[in-house]
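Enquirer: The structure's right below; bear with me while I get my questions together.
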Amino acid sequence: MTRILDVRGLSKGFDMHHLGTHMAAFSDISLTLDAGEFLLLKGRNGAGKSTLLRTLYRSYLAAKGEILFHSSHGVIDLARAADVDVTHLRRTEIGFVTQFLTARPRVSAEALVAEPLRLAGHDAGDALERARHWLAAFGVKPALWPAYPTTFSGGEQQKVNLARALILPQRLLLLDEPTASLDASARAALIDRLAELKRHGTAMVGVFHHPGDVATLIDREIDLTPDAPQKEIRDDVAV
């Protein structure tokens, strides 16, 4: 198997300055991830699931440990990489999917979704055509494609967010509660797209409020609750 990620002894916490204390989010996390593998993060509220995803994405700086990402250019430690390198990898090899859309004023839904393809060097017309395909797949009405997502409902914004985040296949995909607020048809489209990406080798780490939504995709689970037993899933047999 092609290794995508090696996480070694990763820890993260936050200084609560107004309380004069330090709060640990997670401690000494180690894991590996191969191409086409889906890792589910579990744990009680406050166990650090979303914080771990954000640390892997380098939105947060780790307190300790290594995040060795096997990029197409070689191995790079995301915990210590330069910001310019992290930015480049986010555009080309690492995706992050959340339930929230950061929409820019006066940018249409179709332009926002097409942007990752255009930044990757795709023809503008082809990028727009593919953007419309994925907007339709996630159930966004054609009348809304040229409209500004800042005016959309939360559920419609989330569909635009998914179309944008998943239009360009990535080497590593981080998923933070992407099914929240989605209707049944949009959830089904999301699962179909994740399955397609998985078949083509995208490695995924995800947090899902309803993990049953992605039960057929899960290879391994890690419970971040302290002292929780871990299990590996292969061919529907828990080990």
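Lettering and numbering for the structure tokens are positional, with chains as A, B, ... in the shown order, residues counted from 1 in each chain, and ligands counted from 1 in the shown order.
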Which residues come within 9 Å of region 50-63 of chain A, counting only C-alpha atoms, excluding same-chain residues fewer than 2 positions away, as a PyMOL selection string?
Expert: chain A and resi 7+10-13+25-26+41+46-48+65-67+78-80+83+86+90+94-96+174-177+205-207
Enquirer: Would you write out those residues with N, CA and C atoms, as a PDB file, in the first residue's frame?
Expert:
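File part-v5.pdb, as written:
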ATOM      1  N   VAL A   7       1.457   9.833  11.641  1.00  0.00           N
ATOM      2  CA  VAL A   7       1.340  10.759  12.761  1.00  0.00           C
ATOM      3  C   VAL A   7       2.004  10.108  13.975  1.00  0.00           C
ATOM      4  N   LEU A  10       1.515  12.932  18.543  1.00  0.00           N
ATOM      5  CA  LEU A  10       0.942  14.264  18.355  1.00  0.00           C
ATOM      6  C   LEU A  10       0.133  14.692  19.583  1.00  0.00           C
ATOM      7  N   SER A  11       0.383  15.914  20.040  1.00  0.00           N
ATOM      8  CA  SER A  11      -0.330  16.474  21.188  1.00  0.00           C
ATOM      9  C   SER A  11      -0.717  17.917  20.878  1.00  0.00           C
ATOM     10  N   LYS A  12      -1.851  18.331  21.442  1.00  0.00           N
ATOM     11  CA  LYS A  12      -2.310  19.703  21.263  1.00  0.00           C
ATOM     12  C   LYS A  12      -3.106  20.140  22.480  1.00  0.00           C
ATOM     13  N   GLY A  13      -2.884  21.365  22.893  1.00  0.00           N
ATOM     14  CA  GLY A  13      -3.643  21.929  24.000  1.00  0.00           C
ATOM     15  C   GLY A  13      -3.805  23.422  23.799  1.00  0.00           C
ATOM     16  N   ALA A  25      -6.177  19.126  24.555  1.00  0.00           N
ATOM     17  CA  ALA A  25      -7.200  18.690  23.608  1.00  0.00           C
ATOM     18  C   ALA A  25      -7.057  17.201  23.325  1.00  0.00           C
ATOM     19  N   PHE A  26      -5.838  16.758  23.029  1.00  0.00           N
ATOM     20  CA  PHE A  26      -5.507  15.341  22.876  1.00  0.00           C
ATOM     21  C   PHE A  26      -4.016  15.192  23.143  1.00  0.00           C
ATOM     22  N   LEU A  41     -12.783   9.020  13.231  1.00  0.00           N
ATOM     23  CA  LEU A  41     -12.451   9.488  14.568  1.00  0.00           C
ATOM     24  C   LEU A  41     -13.718   9.488  15.416  1.00  0.00           C
ATOM     25  N   GLY A  46     -15.790  16.917  23.234  1.00  0.00           N
ATOM     26  CA  GLY A  46     -14.621  17.460  23.910  1.00  0.00           C
ATOM     27  C   GLY A  46     -13.410  16.561  23.888  1.00  0.00           C
ATOM     28  N   ALA A  47     -13.514  15.422  23.182  1.00  0.00           N
ATOM     29  CA  ALA A  47     -12.380  14.488  23.136  1.00  0.00           C
ATOM     30  C   ALA A  47     -11.272  14.975  22.203  1.00  0.00           C
ATOM     31  N   GLY A  48     -11.570  15.969  21.364  1.00  0.00           N
ATOM     32  CA  GLY A  48     -10.548  16.541  20.503  1.00  0.00           C
ATOM     33  C   GLY A  48     -10.601  16.117  19.047  1.00  0.00           C
ATOM     34  N   GLY A  65       5.059  16.427  18.524  1.00  0.00           N
ATOM     35  CA  GLY A  65       4.812  15.347  17.590  1.00  0.00           C
ATOM     36  C   GLY A  65       5.072  15.701  16.137  1.00  0.00           C
ATOM     37  N   GLU A  66       4.846  14.722  15.270  1.00  0.00           N
ATOM     38  CA  GLU A  66       5.089  14.853  13.839  1.00  0.00           C
ATOM     39  C   GLU A  66       3.836  14.486  13.046  1.00  0.00           C
ATOM     40  N   ILE A  67       3.656  15.180  11.929  1.00  0.00           N
ATOM     41  CA  ILE A  67       2.597  14.860  10.967  1.00  0.00           C
ATOM     42  C   ILE A  67       3.293  14.680   9.623  1.00  0.00           C
ATOM     43  N   LEU A  78       4.045  18.313   8.376  1.00  0.00           N
ATOM     44  CA  LEU A  78       3.092  19.417   8.403  1.00  0.00           C
ATOM     45  C   LEU A  78       3.132  20.179   9.717  1.00  0.00           C
ATOM     46  N   ALA A  79       3.618  19.550  10.779  1.00  0.00           N
ATOM     47  CA  ALA A  79       3.693  20.232  12.069  1.00  0.00           C
ATOM     48  C   ALA A  79       4.744  21.333  12.056  1.00  0.00           C
ATOM     49  N   ARG A  80       5.708  21.235  11.148  1.00  0.00           N
ATOM     50  CA  ARG A  80       6.818  22.188  11.119  1.00  0.00           C
ATOM     51  C   ARG A  80       7.023  22.850   9.763  1.00  0.00           C
ATOM     52  N   ASP A  83       4.591  28.024   6.091  1.00  0.00           N
ATOM     53  CA  ASP A  83       3.219  28.345   5.715  1.00  0.00           C
ATOM     54  C   ASP A  83       3.012  28.279   4.203  1.00  0.00           C
ATOM     55  N   VAL A  86       2.507  24.697   3.198  1.00  0.00           N
ATOM     56  CA  VAL A  86       1.194  24.215   3.627  1.00  0.00           C
ATOM     57  C   VAL A  86       0.105  24.755   2.696  1.00  0.00           C
ATOM     58  N   ARG A  90      -2.476  22.537   0.375  1.00  0.00           N
ATOM     59  CA  ARG A  90      -3.929  22.673   0.492  1.00  0.00           C
ATOM     60  C   ARG A  90      -4.577  22.892  -0.866  1.00  0.00           C
ATOM     61  N   ILE A  94      -4.257  18.330  -0.287  1.00  0.00           N
ATOM     62  CA  ILE A  94      -4.948  18.125   0.991  1.00  0.00           C
ATOM     63  C   ILE A  94      -6.239  18.921   0.997  1.00  0.00           C
ATOM     64  N   GLY A  95      -7.360  18.230   1.193  1.00  0.00           N
ATOM     65  CA  GLY A  95      -8.653  18.891   1.257  1.00  0.00           C
ATOM     66  C   GLY A  95      -9.244  18.829   2.649  1.00  0.00           C
ATOM     67  N   PHE A  96     -10.085  19.817   2.966  1.00  0.00           N
ATOM     68  CA  PHE A  96     -10.762  19.869   4.268  1.00  0.00           C
ATOM     69  C   PHE A  96     -12.226  20.200   4.013  1.00  0.00           C
ATOM     70  N   LEU A 174      -9.790  15.512   4.730  1.00  0.00           N
ATOM     71  CA  LEU A 174     -10.197  15.594   6.129  1.00  0.00           C
ATOM     72  C   LEU A 174     -11.648  16.057   6.166  1.00  0.00           C
ATOM     73  N   LEU A 175     -12.492  15.330   6.906  1.00  0.00           N
ATOM     74  CA  LEU A 175     -13.937  15.567   6.884  1.00  0.00           C
ATOM     75  C   LEU A 175     -14.437  15.830   8.301  1.00  0.00           C
ATOM     76  N   ASP A 176     -14.973  17.031   8.527  1.00  0.00           N
ATOM     77  CA  ASP A 176     -15.451  17.411   9.852  1.00  0.00           C
ATOM     78  C   ASP A 176     -16.960  17.628   9.816  1.00  0.00           C
ATOM     79  N   GLU A 177     -17.704  16.596  10.178  1.00  0.00           N
ATOM     80  CA  GLU A 177     -19.171  16.633  10.233  1.00  0.00           C
ATOM     81  C   GLU A 177     -19.801  17.149   8.931  1.00  0.00           C
ATOM     82  N   VAL A 205      -9.739  10.986   6.640  1.00  0.00           N
ATOM     83  CA  VAL A 205      -9.932  10.969   8.088  1.00  0.00           C
ATOM     84  C   VAL A 205     -11.179  11.778   8.355  1.00  0.00           C
ATOM     85  N   GLY A 206     -12.161  11.190   9.068  1.00  0.00           N
ATOM     86  CA  GLY A 206     -13.425  11.887   9.214  1.00  0.00           C
ATOM     87  C   GLY A 206     -14.043  11.812  10.590  1.00  0.00           C
ATOM     88  N   VAL A 207     -14.822  12.847  10.908  1.00  0.00           N
ATOM     89  CA  VAL A 207     -15.666  12.903  12.093  1.00  0.00           C
ATOM     90  C   VAL A 207     -17.103  13.016  11.606  1.00  0.00           C
TER      91      VAL A 207
END
Enquirer: Quick one: residues within 9 Å of Glu129 (chain A), only C-alpha atoms counted, chain neighbours fewer than 4 positions away excluded, as a CSV table (one decimal) with N, CA and C atoms, in the first residue's frame?
Expert:
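Saved result, part-v2.csv, follows:
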chain,number,residue,atom,x,y,z
A,110,GLU,N,-21.4,29.0,-8.7
A,110,GLU,CA,-20.7,28.2,-9.7
A,110,GLU,C,-19.2,28.6,-9.8
A,114,ALA,N,-16.0,26.2,-9.0
A,114,ALA,CA,-15.0,26.0,-10.1
A,114,ALA,C,-13.6,26.4,-9.7
A,124,ALA,N,-10.9,27.2,-17.9
A,124,ALA,CA,-12.0,27.9,-17.2
A,124,ALA,C,-13.4,27.4,-17.6
A,125,GLY,N,-13.5,27.1,-18.9
A,125,GLY,CA,-14.8,26.6,-19.3
A,125,GLY,C,-15.1,25.2,-18.8
A,133,HIS,N,-21.9,20.5,-12.8
A,133,HIS,CA,-22.3,19.0,-12.6
A,133,HIS,C,-22.4,18.7,-11.1
A,134,TRP,N,-21.4,19.2,-10.3
A,134,TRP,CA,-21.4,18.8,-8.9
A,134,TRP,C,-22.4,19.6,-8.1
Enquirer: Would you kindly return, as an mmCIF file with N, CA and C atoms, in the first residue's frame, each protein, DNA or RNA residue with an atom no farther than 7 Å from any atom of Asp34 (chain A), considering only C-alpha atoms and excluding same-chain residues fewer than 3 positions away?
Expert:
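To be explicit, this is the file written out as around_12.cif:
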data_model
loop_
_atom_site.group_PDB
_atom_site.id
_atom_site.type_symbol
_atom_site.label_atom_id
_atom_site.label_comp_id
_atom_site.auth_asym_id
_atom_site.auth_seq_id
_atom_site.Cartn_x
_atom_site.Cartn_y
_atom_site.Cartn_z
ATOM 1 N N MET A 1 0.834 -1.204 0.000
ATOM 2 C CA MET A 1 0.000 0.000 0.000
ATOM 3 C C MET A 1 0.872 1.259 0.000
ATOM 4 N N THR A 2 0.371 2.319 -0.589
ATOM 5 C CA THR A 2 1.079 3.588 -0.599
ATOM 6 C C THR A 2 0.756 4.366 0.663
ATOM 7 N N ARG A 3 1.757 4.650 1.457
ATOM 8 C CA ARG A 3 1.547 5.399 2.699
ATOM 9 C C ARG A 3 1.268 6.862 2.373
ATOM 10 N N ILE A 4 0.283 7.433 3.068
ATOM 11 C CA ILE A 4 -0.071 8.833 2.879
ATOM 12 C C ILE A 4 0.267 9.661 4.114
ATOM 13 N N LEU A 5 0.072 9.078 5.293
ATOM 14 C CA LEU A 5 0.227 9.860 6.515
ATOM 15 C C LEU A 5 0.820 9.008 7.626
ATOM 16 N N GLU A 37 -7.672 4.562 2.158
ATOM 17 C CA GLU A 37 -8.113 4.117 3.485
ATOM 18 C C GLU A 37 -8.961 5.197 4.141
ATOM 19 N N ALA A 203 -7.019 9.113 0.575
ATOM 20 C CA ALA A 203 -7.037 8.717 1.980
ATOM 21 C C ALA A 203 -7.892 9.711 2.755
#
Enquirer: Using only C-alpha atoms, determine which residues lie at most 12 Å from Leu39 (chain A), disregarding the query and same-chain residues fewer than 4 positions distant; provide the list as number ranges by chain.
Expert: A: 5, 31-35, 49, 53, 172-175, 198, 202-208, 211, 214-223, 230-234
Enquirer: Just how far from CA of Glu93 (chain A) is CA of Gln157 (chain A), in Å to one decimal?
Expert: 23.7 Å
Enquirer: Pick out the residues sitting within 8 Å of Ala109 (chain A), and hand them over as a PyMOL selection string; count only C-alpha atoms, and ignore anything fewer than 4 positions along from it in its own chain.
Expert: chain A and resi 113+144-149+160
Enquirer: I need the chosen residues saved as a tab-separated table (two decimals), in the first residue's frame, with N, CA and C atoms.
Expert:
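As written to disk, out.tsv reads:
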chain	number	residue	atom	x	y	z
A	113	VAL	N	-17.31	27.14	-6.76
A	113	VAL	CA	-17.07	25.70	-6.87
A	113	VAL	C	-16.00	25.41	-7.92
A	144	LEU	N	-29.93	28.84	-8.88
A	144	LEU	CA	-29.06	29.40	-7.85
A	144	LEU	C	-27.58	29.39	-8.24
A	145	TRP	N	-27.23	28.69	-9.31
A	145	TRP	CA	-25.81	28.57	-9.67
A	145	TRP	C	-25.14	29.92	-9.89
A	146	PRO	N	-25.78	30.89	-10.57
A	146	PRO	CA	-25.12	32.19	-10.76
A	146	PRO	C	-25.35	33.16	-9.59
A	147	ALA	N	-26.06	32.71	-8.56
A	147	ALA	CA	-26.37	33.58	-7.42
A	147	ALA	C	-25.24	33.53	-6.38
A	148	TYR	N	-25.30	34.45	-5.42
A	148	TYR	CA	-24.27	34.54	-4.39
A	148	TYR	C	-24.65	33.65	-3.20
A	149	PRO	N	-23.78	32.70	-2.81
A	149	PRO	CA	-24.09	31.81	-1.68
A	149	PRO	C	-24.30	32.54	-0.36
A	160	VAL	N	-23.10	23.79	-1.50
A	160	VAL	CA	-22.08	24.49	-2.29
A	160	VAL	C	-20.70	24.18	-1.73
Enquirer: Just checking: using only C-alpha atoms, which residue out of A:Ala195, A:Ala24, A:Ile76, A:Phe152 ends up closest to Pro105 (chain A)?
Expert: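 Nearest to Pro105 (chain A): A:Phe152.
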Enquirer: Taking the backbone alone, and naming residues the way the document does, which bits of region 3-87 of chain A are alpha helix (DSSP H) by DSSP, as a PDB file with C-alpha atoms, in the first residue's frame?
Expert:
ATOM      1  CA  LYS A  49     -11.834  15.072  17.234  1.00  0.00           C
ATOM      2  CA  SER A  50     -12.276  18.330  15.353  1.00  0.00           C
ATOM      3  CA  THR A  51      -9.139  19.759  16.941  1.00  0.00           C
ATOM      4  CA  LEU A  52      -7.153  16.780  15.657  1.00  0.00           C
ATOM      5  CA  LEU A  53      -8.478  17.345  12.128  1.00  0.00           C
ATOM      6  CA  ARG A  54      -7.547  21.023  12.297  1.00  0.00           C
ATOM      7  CA  THR A  55      -4.106  20.144  13.594  1.00  0.00           C
ATOM      8  CA  LEU A  56      -3.574  17.706  10.723  1.00  0.00           C
ATOM      9  CA  ASP A  83       3.219  28.345   5.715  1.00  0.00           C
ATOM     10  CA  VAL A  84       3.880  28.715   1.982  1.00  0.00           C
ATOM     11  CA  ASP A  85       4.348  24.944   1.646  1.00  0.00           C
ATOM     12  CA  VAL A  86       1.194  24.215   3.627  1.00  0.00           C
ATOM     13  CA  THR A  87      -0.772  26.638   1.440  1.00  0.00           C
TER      14      THR A  87
END
Enquirer: What's the separation between CA of Ser72 (chain A) and CA of Arg171 (chain A), in Å to one decimal place?
Expert: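 Those two atoms sit 8.6 Å apart.
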